[in-house]
>>> print(open('final.cif').read())   # mmCIF, C-alpha atoms
data_start
#
loop_
_atom_site.group_PDB
_atom_site.id
_atom_site.type_symbol
_atom_site.label_atom_id
_atom_site.label_comp_id
_atom_site.auth_asym_id
_atom_site.auth_seq_id
_atom_site.Cartn_x
_atom_site.Cartn_y
_atom_site.Cartn_z
ATOM 1 C CA MET X 214 104.806 74.854 90.977
ATOM 2 C CA ASP X 215 106.926 75.869 93.971
ATOM 3 C CA SER X 216 105.275 75.911 97.343
ATOM 4 C CA PRO X 217 105.150 79.316 99.127
ATOM 5 C CA ASN X 218 106.745 77.643 102.140
ATOM 6 C CA GLN X 219 109.851 76.526 100.249
ATOM 7 C CA PRO X 220 111.884 79.756 100.770
ATOM 8 C CA ALA X 221 111.101 79.735 104.509
ATOM 9 C CA ARG X 222 112.060 76.095 104.805
ATOM 10 C CA GLY X 223 115.246 76.760 102.878
ATOM 11 C CA ARG X 224 116.195 79.497 105.330
ATOM 12 C CA ALA X 225 115.360 77.216 108.250
ATOM 13 C CA ALA X 226 117.591 74.471 106.873
ATOM 14 C CA THR X 227 120.402 76.987 106.384
ATOM 15 C CA TRP X 228 120.129 78.210 109.962
ATOM 16 C CA ALA X 229 120.022 74.621 111.250
ATOM 17 C CA LYS X 230 123.258 73.858 109.400
ATOM 18 C CA ARG X 231 124.883 76.992 110.794
ATOM 19 C CA LEU X 232 123.849 76.167 114.356
ATOM 20 C CA GLY X 233 125.045 72.611 113.892
ATOM 21 C CA LEU X 234 128.406 73.866 112.687
ATOM 22 C CA VAL X 235 128.645 76.174 115.702
ATOM 23 C CA GLY X 236 127.884 73.218 117.987
ATOM 24 C CA VAL X 237 130.543 71.052 116.355
ATOM 25 C CA LEU X 238 133.148 73.818 116.587
ATOM 26 C CA SER X 239 132.255 74.511 120.226
ATOM 27 C CA GLY X 240 132.606 70.837 121.061
ATOM 28 C CA ALA X 241 135.949 70.689 119.300
ATOM 29 C CA VAL X 242 137.216 73.681 121.292
ATOM 30 C CA LEU X 243 136.065 72.138 124.595
ATOM 31 C CA LEU X 244 137.643 68.786 123.786
ATOM 32 C CA SER X 245 140.896 70.265 122.504
ATOM 33 C CA GLY X 246 142.098 70.649 126.087
ATOM 34 C CA CYS X 247 141.665 66.920 126.742
ATOM 35 C CA SER X 248 144.263 64.303 125.955
ATOM 36 C CA LYS X 249 143.505 61.437 123.616
ATOM 37 C CA GLU X 250 143.886 58.990 126.496
ATOM 38 C CA GLU X 251 141.342 60.879 128.616
ATOM 39 C CA LEU X 252 138.802 60.778 125.806
ATOM 40 C CA LYS X 253 139.452 57.096 125.169
ATOM 41 C CA ILE X 254 138.529 56.112 128.736
ATOM 42 C CA GLY X 255 135.685 58.616 129.134
ATOM 43 C CA PHE X 256 137.520 60.864 131.624
ATOM 44 C CA MET X 257 138.010 58.026 134.094
ATOM 45 C CA PRO X 258 141.139 58.262 136.307
ATOM 46 C CA LEU X 259 144.176 57.903 134.045
ATOM 47 C CA ASP X 260 145.886 55.537 136.478
ATOM 48 C CA SER X 261 142.950 53.134 136.077
ATOM 49 C CA VAL X 262 144.192 52.044 132.641
ATOM 50 C CA GLY X 263 145.366 48.474 133.094
ATOM 51 C CA ALA X 264 145.258 48.741 136.900
ATOM 52 C CA THR X 265 143.312 45.495 137.435
ATOM 53 C CA ASN X 266 141.719 42.764 135.372
ATOM 54 C CA HIS X 267 138.337 44.472 135.908
ATOM 55 C CA THR X 268 139.004 48.067 134.857
ATOM 56 C CA GLU X 269 138.745 47.423 131.121
ATOM 57 C CA ALA X 270 135.250 45.947 131.468
ATOM 58 C CA TYR X 271 134.044 48.925 133.512
ATOM 59 C CA THR X 272 135.588 51.396 131.063
ATOM 60 C CA HIS X 273 133.933 49.739 128.064
ATOM 61 C CA LEU X 274 130.530 49.863 129.779
ATOM 62 C CA TRP X 275 131.030 53.521 130.759
ATOM 63 C CA VAL X 276 132.264 54.715 127.361
ATOM 64 C CA GLY X 277 129.710 52.653 125.420
ATOM 65 C CA GLY X 278 126.896 54.055 127.534
ATOM 66 C CA TRP X 279 128.010 57.626 126.929
ATOM 67 C CA ILE X 280 128.370 57.085 123.167
ATOM 68 C CA ALA X 281 124.856 55.644 122.935
ATOM 69 C CA ALA X 282 123.421 58.451 125.083
ATOM 70 C CA LEU X 283 125.161 61.143 123.043
ATOM 71 C CA LEU X 284 123.967 59.677 119.733
ATOM 72 C CA VAL X 285 120.377 59.594 120.966
ATOM 73 C CA GLY X 286 120.784 63.110 122.359
ATOM 74 C CA LEU X 287 122.212 64.498 119.118
ATOM 75 C CA VAL X 288 119.380 63.037 117.046
ATOM 76 C CA THR X 289 116.764 64.281 119.521
ATOM 77 C CA TRP X 290 118.247 67.752 119.872
ATOM 78 C CA GLY X 291 118.689 68.004 116.109
ATOM 79 C CA LEU X 292 115.056 67.128 115.418
ATOM 80 C CA MET X 293 113.827 69.507 118.100
ATOM 81 C CA LEU X 294 115.971 72.336 116.766
ATOM 82 C CA PHE X 295 114.834 71.700 113.207
ATOM 83 C CA CYS X 296 111.166 71.757 114.231
ATOM 84 C CA LEU X 297 111.628 74.941 116.276
ATOM 85 C CA ILE X 298 113.070 76.707 113.255
ATOM 86 C CA ALA X 299 111.218 75.135 110.322
ATOM 87 C CA TYR X 300 107.769 75.236 111.890
ATOM 88 C CA ARG X 301 107.967 78.363 113.981
ATOM 89 C CA ARG X 302 105.040 80.750 113.896
ATOM 90 C CA ARG X 303 105.409 83.538 111.351
ATOM 91 C CA LYS X 304 103.819 86.967 111.108
ATOM 92 C CA HIS X 305 101.272 86.027 108.455
ATOM 93 C CA ASP X 306 100.163 82.876 110.313
ATOM 94 C CA ARG X 307 96.728 82.961 111.854
ATOM 95 C CA GLY X 308 95.393 80.591 114.451
ATOM 96 C CA LEU X 309 96.890 77.269 115.482
ATOM 97 C CA PRO X 310 98.834 74.987 113.135
ATOM 98 C CA VAL X 311 97.187 71.848 111.821
ATOM 99 C CA GLN X 312 96.765 69.376 114.685
ATOM 100 C CA MET X 313 97.513 65.689 114.200
ATOM 101 C CA GLY X 314 96.135 63.042 116.511
ATOM 102 C CA TYR X 315 98.926 60.549 115.921
ATOM 103 C CA ASN X 316 101.454 59.268 113.427
ATOM 104 C CA MET X 317 101.619 55.496 113.586
ATOM 105 C CA PRO X 318 105.145 55.030 112.118
ATOM 106 C CA ILE X 319 106.587 57.580 114.547
ATOM 107 C CA GLU X 320 104.697 56.038 117.479
ATOM 108 C CA ILE X 321 106.109 52.597 116.619
ATOM 109 C CA PHE X 322 109.601 54.065 116.202
ATOM 110 C CA TYR X 323 109.442 55.833 119.585
ATOM 111 C CA THR X 324 108.316 52.586 121.234
ATOM 112 C CA ILE X 325 110.789 50.157 119.657
ATOM 113 C CA VAL X 326 113.967 52.257 119.938
ATOM 114 C CA PRO X 327 113.755 52.816 123.745
ATOM 115 C CA ILE X 328 113.063 49.099 124.253
ATOM 116 C CA ILE X 329 116.143 48.208 122.197
ATOM 117 C CA LEU X 330 118.261 50.698 124.165
ATOM 118 C CA VAL X 331 117.055 49.496 127.572
ATOM 119 C CA VAL X 332 117.545 45.826 126.691
ATOM 120 C CA GLY X 333 120.981 46.602 125.248
ATOM 121 C CA PHE X 334 122.080 48.528 128.360
ATOM 122 C CA PHE X 335 120.708 45.806 130.623
ATOM 123 C CA GLY X 336 122.485 43.020 128.742
ATOM 124 C CA GLN X 337 125.811 44.844 128.671
ATOM 125 C CA THR X 338 125.547 45.712 132.379
ATOM 126 C CA VAL X 339 124.855 42.096 133.333
ATOM 127 C CA HIS X 340 127.792 40.968 131.188
ATOM 128 C CA THR X 341 130.088 43.486 132.919
ATOM 129 C CA LEU X 342 128.900 42.508 136.405
ATOM 130 C CA ASN X 343 129.526 38.835 135.633
ATOM 131 C CA GLN X 344 133.120 39.748 134.784
ATOM 132 C CA THR X 345 133.660 41.924 137.859
ATOM 133 C CA THR X 346 131.429 41.801 140.923
ATOM 134 C CA GLU X 347 130.546 38.142 140.273
ATOM 135 C CA ASP X 348 134.192 37.197 139.806
ATOM 136 C CA LYS X 349 134.839 34.421 142.351
ATOM 137 C CA THR X 350 138.250 33.303 141.126
ATOM 138 C CA PRO X 351 140.006 31.508 144.017
ATOM 139 C CA GLY X 352 142.644 33.761 145.526
ATOM 140 C CA GLU X 353 146.284 32.806 145.621
ATOM 141 C CA GLN X 354 146.596 35.403 148.359
ATOM 142 C CA LYS X 355 143.833 36.095 150.877
ATOM 143 C CA ILE X 356 143.843 39.493 152.541
ATOM 144 C CA GLU X 357 141.351 40.832 155.073
ATOM 145 C CA VAL X 358 140.697 44.570 155.126
ATOM 146 C CA VAL X 359 138.950 45.858 158.251
ATOM 147 C CA GLY X 360 137.462 49.334 158.432
ATOM 148 C CA LYS X 361 137.221 51.175 161.735
ATOM 149 C CA GLN X 362 136.644 54.737 162.868
ATOM 150 C CA TRP X 363 138.774 56.163 161.296
ATOM 151 C CA ALA X 364 141.531 53.946 159.931
ATOM 152 C CA TRP X 365 142.179 50.508 158.489
ATOM 153 C CA ASP X 366 143.607 47.175 159.622
ATOM 154 C CA PHE X 367 145.086 44.699 157.148
ATOM 155 C CA ASN X 368 145.352 40.962 157.811
ATOM 156 C CA TYR X 369 147.590 39.196 155.320
ATOM 157 C CA VAL X 370 145.909 35.860 155.969
ATOM 158 C CA THR X 371 147.984 33.690 153.623
ATOM 159 C CA GLU X 372 151.234 35.184 154.931
ATOM 160 C CA ASP X 373 150.109 35.097 158.608
ATOM 161 C CA ALA X 374 150.922 38.764 159.216
ATOM 162 C CA TYR X 375 148.955 41.884 160.061
ATOM 163 C CA TYR X 376 149.165 45.669 160.002
ATOM 164 C CA ALA X 377 147.264 47.821 162.503
ATOM 165 C CA GLY X 378 146.422 51.178 160.958
ATOM 166 C CA VAL X 379 146.344 54.551 162.691
ATOM 167 C CA GLN X 380 144.172 57.464 161.647
ATOM 168 C CA ALA X 381 145.831 59.845 159.188
ATOM 169 C CA ASN X 382 145.693 63.314 160.739
ATOM 170 C CA LEU X 383 145.413 65.916 157.992
ATOM 171 C CA ASP X 384 146.518 69.368 159.102
ATOM 172 C CA GLY X 385 146.946 70.961 155.678
ATOM 173 C CA THR X 386 150.741 70.866 155.746
ATOM 174 C CA GLU X 387 151.361 67.370 154.363
ATOM 175 C CA LYS X 388 150.414 65.564 151.203
ATOM 176 C CA PRO X 389 146.966 64.002 151.800
ATOM 177 C CA GLY X 390 147.343 60.414 152.906
ATOM 178 C CA LYS X 391 151.129 60.534 153.186
ATOM 179 C CA ASN X 392 151.111 58.821 156.578
ATOM 180 C CA ALA X 393 147.925 56.836 155.997
ATOM 181 C CA PRO X 394 147.882 53.026 156.357
ATOM 182 C CA THR X 395 149.374 51.247 153.349
ATOM 183 C CA LEU X 396 147.924 48.087 151.847
ATOM 184 C CA TYR X 397 150.433 45.980 149.896
ATOM 185 C CA LEU X 398 149.162 43.863 147.008
ATOM 186 C CA PRO X 399 151.221 41.465 144.860
ATOM 187 C CA ALA X 400 150.982 42.137 141.120
ATOM 188 C CA ASN X 401 149.650 39.560 138.637
ATOM 189 C CA THR X 402 148.232 37.439 141.446
ATOM 190 C CA ASN X 403 144.645 36.357 142.003
ATOM 191 C CA LEU X 404 143.541 38.114 145.176
ATOM 192 C CA GLU X 405 140.664 37.423 147.519
ATOM 193 C CA ILE X 406 140.072 40.522 149.612
ATOM 194 C CA GLU X 407 137.608 40.076 152.455
ATOM 195 C CA LEU X 408 136.069 43.292 153.730
ATOM 196 C CA ARG X 409 134.390 43.917 157.073
ATOM 197 C CA SER X 410 133.764 46.681 159.582
ATOM 198 C CA ARG X 411 134.507 46.930 163.306
ATOM 199 C CA ASP X 412 131.868 49.531 164.116
ATOM 200 C CA VAL X 413 129.742 51.466 161.588
ATOM 201 C CA ILE X 414 129.166 51.242 157.844
ATOM 202 C CA HIS X 415 132.296 52.012 155.833
ATOM 203 C CA SER X 416 133.125 51.590 152.147
ATOM 204 C CA PHE X 417 136.367 50.351 150.593
ATOM 205 C CA TRP X 418 137.183 52.432 147.514
ATOM 206 C CA VAL X 419 140.269 52.627 145.333
ATOM 207 C CA PRO X 420 139.315 55.069 142.539
ATOM 208 C CA ALA X 421 141.935 53.707 140.117
ATOM 209 C CA PHE X 422 140.433 50.208 140.464
ATOM 210 C CA LEU X 423 136.983 51.582 139.468
ATOM 211 C CA GLU X 424 135.389 49.469 142.217
ATOM 212 C CA LYS X 425 134.126 49.990 145.729
ATOM 213 C CA ARG X 426 132.488 47.717 148.247
ATOM 214 C CA ASP X 427 130.336 48.548 151.260
ATOM 215 C CA MET X 428 131.474 47.246 154.645
ATOM 216 C CA ILE X 429 128.469 46.631 156.885
ATOM 217 C CA PRO X 430 128.980 45.436 160.487
ATOM 218 C CA GLY X 431 128.278 41.720 160.733
ATOM 219 C CA GLN X 432 128.066 41.268 156.945
ATOM 220 C CA PRO X 433 131.488 40.529 155.415
ATOM 221 C CA ASN X 434 131.938 41.374 151.745
ATOM 222 C CA THR X 435 134.506 40.100 149.245
ATOM 223 C CA LEU X 436 136.402 41.461 146.272
ATOM 224 C CA HIS X 437 138.177 39.122 143.852
ATOM 225 C CA LEU X 438 140.585 40.742 141.409
ATOM 226 C CA LYS X 439 144.076 40.706 139.979
ATOM 227 C CA ALA X 440 146.222 43.855 140.197
ATOM 228 C CA LEU X 441 148.076 44.108 136.893
ATOM 229 C CA LYS X 442 150.126 47.288 137.114
ATOM 230 C CA GLU X 443 152.714 47.970 139.790
ATOM 231 C CA GLY X 444 152.508 51.392 141.348
ATOM 232 C CA GLU X 445 150.994 53.470 144.127
ATOM 233 C CA TYR X 446 147.308 54.260 144.375
ATOM 234 C CA MET X 447 145.132 56.192 146.792
ATOM 235 C CA GLY X 448 142.173 54.708 148.628
ATOM 236 C CA LYS X 449 139.511 56.117 150.913
ATOM 237 C CA CYS X 450 136.284 55.389 152.710
ATOM 238 C CA ALA X 451 133.347 56.241 150.438
ATOM 239 C CA GLU X 452 130.634 56.120 153.120
ATOM 240 C CA LEU X 453 130.057 58.975 155.572
ATOM 241 C CA CYS X 454 131.084 57.278 158.822
ATOM 242 C CA GLY X 455 131.457 60.019 161.404
ATOM 243 C CA GLU X 456 133.351 63.138 162.376
ATOM 244 C CA PHE X 457 136.718 62.226 160.839
ATOM 245 C CA HIS X 458 135.445 60.450 157.715
ATOM 246 C CA SER X 459 137.639 62.703 155.555
ATOM 247 C CA GLU X 460 140.739 61.344 157.294
ATOM 248 C CA MET X 461 139.876 57.700 156.695
ATOM 249 C CA LEU X 462 142.425 57.344 153.924
ATOM 250 C CA PHE X 463 144.777 54.569 152.917
ATOM 251 C CA ASN X 464 147.398 53.923 150.279
ATOM 252 C CA VAL X 465 147.740 50.903 148.023
ATOM 253 C CA LYS X 466 151.092 49.694 146.760
ATOM 254 C CA VAL X 467 151.025 47.071 144.036
ATOM 255 C CA VAL X 468 154.445 45.432 144.080
ATOM 256 C CA SER X 469 156.183 42.308 142.831
ATOM 257 C CA MET X 470 155.600 39.061 144.682
ATOM 258 C CA GLU X 471 159.162 39.193 145.994
ATOM 259 C CA GLU X 472 158.633 42.635 147.504
ATOM 260 C CA PHE X 473 155.247 41.585 148.877
ATOM 261 C CA LYS X 474 156.814 38.562 150.589
ATOM 262 C CA ALA X 475 159.591 40.743 151.986
ATOM 263 C CA GLN X 476 157.080 43.273 153.353
ATOM 264 C CA THR X 477 154.948 40.653 155.099
ATOM 265 C CA LYS X 478 158.081 38.979 156.485
ATOM 266 C CA GLN X 479 159.135 42.327 157.915
ATOM 267 C CA LEU X 480 155.731 42.576 159.626
ATOM 268 C CA ARG X 481 156.149 39.137 161.169
ATOM 269 C CA ASP X 482 159.712 39.881 162.272
ATOM 270 C CA SER X 483 158.553 43.080 163.974
ATOM 271 C CA GLY X 484 156.013 41.158 166.055
ATOM 272 C CA ASN X 485 152.965 41.522 163.800
ATOM 273 C CA LYS X 486 152.517 37.803 163.344
ATOM 274 C CA GLY X 487 149.052 36.294 163.242
ATOM 275 C CA GLN X 488 145.755 38.102 162.698
ATOM 276 C CA LEU X 489 143.838 40.941 164.280
ATOM 277 C CA GLY X 490 140.580 39.324 165.356
ATOM 278 C CA ASP X 491 137.036 40.487 165.950
ATOM 279 C CA ASP X 492 137.756 40.895 169.680
ATOM 280 C CA LEU X 493 138.677 44.476 168.756
ATOM 281 C CA ASP X 494 135.211 45.130 167.315
ATOM 282 C CA ARG X 495 132.579 47.191 169.085
ATOM 283 C CA THR X 496 130.749 44.039 170.103
ATOM 284 C CA GLU X 497 128.044 45.938 171.953
ATOM 285 C CA TRP X 498 126.942 47.365 168.593
ATOM 286 C CA HIS X 499 126.528 43.884 167.165
ATOM 287 C CA LYS X 500 124.465 42.356 169.950
ATOM 288 C CA ASN X 501 120.816 41.618 169.359
ATOM 289 C CA PRO X 502 118.856 43.002 172.359
ATOM 290 C CA TYR X 503 116.082 40.472 171.693
ATOM 291 C CA GLU X 504 118.310 37.400 171.967
ATOM 292 C CA GLU X 505 117.294 34.822 174.526
ATOM 293 C CA GLY X 506 118.053 36.017 178.044
ATOM 294 C CA GLU X 507 118.252 39.701 177.078
ATOM 295 C CA LYS X 508 115.584 42.339 177.319
#
>>> encode(input="final.cif", output="structure tokens")
Amino acid sequence: MDSPNQPARGRAATWAKRLGLVGVLSGAVLLSGCSKEELKIGFMPLDSVGATNHTEAYTHLWVGGWIAALLVGLVTWGLMLFCLIAYRRRKHDRGLPVQMGYNMPIEIFYTIVPIILVVGFFGQTVHTLNQTTEDKTPGEQKIEVVGKQWAWDFNYVTEDAYYAGVQANLDGTEKPGKNAPTLYLPANTNLEIELRSRDVIHSFWVPAFLEKRDMIPGQPNTLHLKALKEGEYMGKCAELCGEFHSEMLFNVKVVSMEEFKAQTKQLRDSGNKGQLGDDLDRTEWHKNPYEEGEK
């Protein structure tokens, strides 16, 4: 014999299917304006594709995390929507619905699945960090990047040349960063980039490289990578460092080794031979007032 609740449940299932179809169509309309490449990399910067030997690992972690989160979200939202419709209160209902203290299979399911997800995310994150931030591949070229209010200095240590940057003044009439300091990097070369600050906390960030590193006074940081794709990229300070933080921009040019050698030779020939040392730092900021002999 048919249950009196069957027609109501049938209508609820029909409405759930309709709402699901509306959701799918809405998602398709929203995504139709996105290119296939943008979807593939999870809306990361398009110029990050193949930019360094680290970008692929970061992209996989990002996209995989979003896929897992969306799958969990779809299942959760679907179950919630079904319950809201199928078990909603109707006119002939009186009092509260039947209360259940617990459901052991569901309790076990809700305990095991989050543990699996957390362990999976943790393992994949550690694997990605080992490929990227823990990359200590010896550099064929060592370059020192020094942040200062509000520009950048570049010491091409291996080539014994330097570039002293000047703040990029943005007045709204030029392309942002057009006259900003330019960091040259040789393509397909293991790089060891040492990062430090002359004054306050800065942060070295090239969005296309999908990496940034903090630059704390007195605590040098390093970045080991290989730039794979020749081209021009934009960089900036990602740490609020004072009044003209927005003008602390720089450009990155990834070029062939021949062009890199020619550029550093030009620096040496123009008098920029050697290295810019820490004598230009704000040493008074680095002193410890409790050192012996100081009060």
>>> resolve_selection(input="final.cif", expression="the PyMOL selection byres ((chain X and resi 478-488) around 7)", output="ChimeraX atom specification")
/X:368,373-376,474-477,489-490
>>> write_last_selection(input="final.cif", atoms="C-alpha atoms", output="short mmCIF file (atom, residue, chain, number, x, y, z; two decimals), in the coordinates of the input")
data_model
loop_
_atom_site.label_atom_id
_atom_site.label_comp_id
_atom_site.auth_asym_id
_atom_site.auth_seq_id
_atom_site.Cartn_x
_atom_site.Cartn_y
_atom_site.Cartn_z
CA ASN X 368 145.35 40.96 157.81
CA ASP X 373 150.11 35.10 158.61
CA ALA X 374 150.92 38.76 159.22
CA TYR X 375 148.96 41.88 160.06
CA TYR X 376 149.16 45.67 160.00
CA LYS X 474 156.81 38.56 150.59
CA ALA X 475 159.59 40.74 151.99
CA GLN X 476 157.08 43.27 153.35
CA THR X 477 154.95 40.65 155.10
CA LEU X 489 143.84 40.94 164.28
CA GLY X 490 140.58 39.32 165.36
#
>>> residues_around(input="final.cif", residues="Asn401 (chain X)", least_positions_apart="6", cutoff="12 Å", atoms="only C-alpha atoms", output="list in words")
Gly263, Ala264, Thr265, Asn266, Gly352, Glu353, Gln354, Leu438, Lys439, Ala440, Leu441, Lys442, Glu443, Val467, Val468, Ser469, Met470 and Phe473 of chain X
>>> closest_residue(input="final.cif", among="X:Ala299, X:Asp306, X:Ala451, X:Val262", to="Lys425 (chain X)", atoms="all atoms listed in the file")
X:Ala451
>>> resolve_selection(input="final.cif", expression="the PyMOL selection byres ((chain X and resi 433) around 10)", output="PyMOL selection string")
chain X and resi 357+359+407-410+427-432+434-435
>>> residues_near_point(input="final.cif", point="(148.8, 46.1, 148.1)", cutoff="9 Å", atoms="all atoms listed in the file", output="list in words")
Thr395, Leu396, Tyr397, Leu398, Pro399, Ala400, Ala440, Glu445, Asn464, Val465, Lys466, Val467, Val468 and Phe473 of chain X
>>> resolve_selection(input="final.cif", expression="the PyMOL selection byres ((chain X and resi 255) around 12)", output="PyMOL selection string")
chain X and resi 244+247-254+256-259+261-262+269+271-280
>>> closest_residue(input="final.cif", among="X:His267, X:Arg307, X:Lys449, X:Arg495", to="Asp412 (chain X)", atoms="only C-alpha atoms")
X:Arg495
>>> closest_residue(input="final.cif", among="X:Leu453, X:Ile406, X:Ile298, X:Ile328", to="Ile356 (chain X)", atoms="all atoms listed in the file")
X:Ile406
>>> atom_distance(input="final.cif", atom1="CA of Gly378 (chain X)", atom2="CA of Thr402 (chain X)")
23.9 Å
>>> closest_residue(input="final.cif", among="X:Cys454, X:Ala270, X:Pro318, X:Pro420", to="Val339 (chain X)", atoms="all atoms listed in the file")
X:Ala270
>>> closest_residue(input="final.cif", among="X:Leu292, X:Thr268, X:Pro310, X:Asn403", to="Leu342 (chain X)", atoms="all atoms listed in the file")
X:Thr268
>>> atom_distance(input="final.cif", atom1="CA of Ala364 (chain X)", atom2="CA of Glu405 (chain X)")
20.7 Å
>>> atom_distance(input="final.cif", atom1="CA of Trp363 (chain X)", atom2="CA of Met461 (chain X)")
5.0 Å
>>> closest_residue(input="final.cif", among="X:Leu404, X:Leu297, X:Leu493, X:Leu436", to="Glu347 (chain X)", atoms="only C-alpha atoms")
X:Leu436
>>> decode(input="final.cif", residues="region 461-497 of chain X", atoms="C-alpha atoms", output="PDB file, in the first residue's frame")
ATOM      1  CA  MET X 461      57.489  50.185  -4.423  1.00  0.00           C
ATOM      2  CA  LEU X 462      57.269  48.418  -7.758  1.00  0.00           C
ATOM      3  CA  PHE X 463      59.799  46.605  -9.894  1.00  0.00           C
ATOM      4  CA  ASN X 464      59.901  44.793 -13.204  1.00  0.00           C
ATOM      5  CA  VAL X 465      61.355  41.379 -13.948  1.00  0.00           C
ATOM      6  CA  LYS X 466      62.826  40.499 -17.318  1.00  0.00           C
ATOM      7  CA  VAL X 467      63.596  36.847 -17.925  1.00  0.00           C
ATOM      8  CA  VAL X 468      66.073  36.764 -20.796  1.00  0.00           C
ATOM      9  CA  SER X 469      68.564  34.415 -22.414  1.00  0.00           C
ATOM     10  CA  MET X 470      71.897  33.873 -20.711  1.00  0.00           C
ATOM     11  CA  GLU X 471      73.608  35.832 -23.479  1.00  0.00           C
ATOM     12  CA  GLU X 472      71.387  38.857 -22.909  1.00  0.00           C
ATOM     13  CA  PHE X 473      71.785  38.523 -19.143  1.00  0.00           C
ATOM     14  CA  LYS X 474      75.580  38.515 -19.488  1.00  0.00           C
ATOM     15  CA  ALA X 475      75.417  41.523 -21.799  1.00  0.00           C
ATOM     16  CA  GLN X 476      73.209  43.440 -19.345  1.00  0.00           C
ATOM     17  CA  THR X 477      75.472  42.803 -16.358  1.00  0.00           C
ATOM     18  CA  LYS X 478      78.537  43.685 -18.448  1.00  0.00           C
ATOM     19  CA  GLN X 479      76.876  46.973 -19.341  1.00  0.00           C
ATOM     20  CA  LEU X 480      76.383  47.642 -15.615  1.00  0.00           C
ATOM     21  CA  ARG X 481      80.053  46.989 -14.915  1.00  0.00           C
ATOM     22  CA  ASP X 482      81.167  49.134 -17.852  1.00  0.00           C
ATOM     23  CA  SER X 483      79.028  52.020 -16.600  1.00  0.00           C
ATOM     24  CA  GLY X 484      80.755  51.946 -13.210  1.00  0.00           C
ATOM     25  CA  ASN X 485      78.355  49.654 -11.343  1.00  0.00           C
ATOM     26  CA  LYS X 486      80.989  47.064 -10.577  1.00  0.00           C
ATOM     27  CA  GLY X 487      81.014  45.291  -7.238  1.00  0.00           C
ATOM     28  CA  GLN X 488      78.197  45.107  -4.694  1.00  0.00           C
ATOM     29  CA  LEU X 489      76.040  47.512  -2.744  1.00  0.00           C
ATOM     30  CA  GLY X 490      76.794  46.652   0.872  1.00  0.00           C
ATOM     31  CA  ASP X 491      74.972  46.933   4.169  1.00  0.00           C
ATOM     32  CA  ASP X 492      76.698  50.267   4.880  1.00  0.00           C
ATOM     33  CA  LEU X 493      73.658  51.808   3.175  1.00  0.00           C
ATOM     34  CA  ASP X 494      71.282  50.221   5.693  1.00  0.00           C
ATOM     35  CA  ARG X 495      69.608  52.156   8.478  1.00  0.00           C
ATOM     36  CA  THR X 496      72.046  50.716  10.989  1.00  0.00           C
ATOM     37  CA  GLU X 497      70.519  52.605  13.895  1.00  0.00           C
TER      38      GLU X 497
END
